[in-house]
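Working notes for the structure below.
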Amino acid sequence: MATYTTKKELIFEIEKTANLFIQEFNDIKEAQKDVMVEEIDRTPVQMIAYQGIIIKI
């Protein structure tokens, strides 16, 4: 597990990782947000909710 020397460094890494995760969903159309793909155990909306990420629109 990574260690961080400052709180600011930890916050930066959390934000960076969250942004990478959110970018994976940029190309998903509104009609596809609740579609379950067989190989994946959650819909896109469920994934975002599970991660507890709030997206500001």
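Each chain of the structure tokens is named A, B, ... in the order shown, its residues numbered from 1; ligands are numbered from 1 in display order.
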
(message) Going by DSSP on the backbone, which residues of chain A come out as helix (DSSP H, G or I)? List them as a ChimeraX atom specification.
(response) /A:7-23,30-32,44-51

(request) Could you give me, as a ChimeraX atom specification, the residues within 8 Å of segment 36-51 of chain A, counting only C-alpha atoms and dropping anything in the same chain fewer than 2 positions from it? (result) /A:22,25,33-34,53

Selection above as a file: N, CA and C atoms, as a PDB file, in the first residue's frame:
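again_1.pdb, written as the output of this step:
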ATOM      1  N   ILE A  22     -13.900   8.202 -13.575  1.00  0.00           N
ATOM      2  CA  ILE A  22     -15.025   8.918 -14.182  1.00  0.00           C
ATOM      3  C   ILE A  22     -14.865   9.007 -15.693  1.00  0.00           C
ATOM      4  N   PHE A  25     -16.445   6.613 -18.171  1.00  0.00           N
ATOM      5  CA  PHE A  25     -17.878   6.659 -18.423  1.00  0.00           C
ATOM      6  C   PHE A  25     -18.285   7.805 -19.345  1.00  0.00           C
ATOM      7  N   LYS A  33     -26.837   3.787 -19.547  1.00  0.00           N
ATOM      8  CA  LYS A  33     -26.352   3.896 -18.175  1.00  0.00           C
ATOM      9  C   LYS A  33     -26.870   2.799 -17.253  1.00  0.00           C
ATOM     10  N   ASP A  34     -28.020   2.208 -17.584  1.00  0.00           N
ATOM     11  CA  ASP A  34     -28.589   1.156 -16.740  1.00  0.00           C
ATOM     12  C   ASP A  34     -28.516  -0.225 -17.379  1.00  0.00           C
ATOM     13  N   ILE A  53     -18.872   8.197  -5.826  1.00  0.00           N
ATOM     14  CA  ILE A  53     -18.394   9.384  -6.533  1.00  0.00           C
ATOM     15  C   ILE A  53     -19.559  10.279  -6.893  1.00  0.00           C
TER      16      ILE A  53
END

(message) Just the number, please: distance in Å from atom CA of Thr17 of chain A to atom CA of Val35 of chain A, one decimal.
(response)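 Going from atom CA of Thr17 of chain A over to atom CA of Val35 of chain A, I get 24.2 Å.
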
(message) Could you tell me how far atom CA of Asn19 of chain A sits from atom CA of Lys7 of chain A, in Å to one decimal place?
(response)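 According to the coordinates, atom CA of Lys7 of chain A and atom CA of Asn19 of chain A are separated by 18.4 Å.
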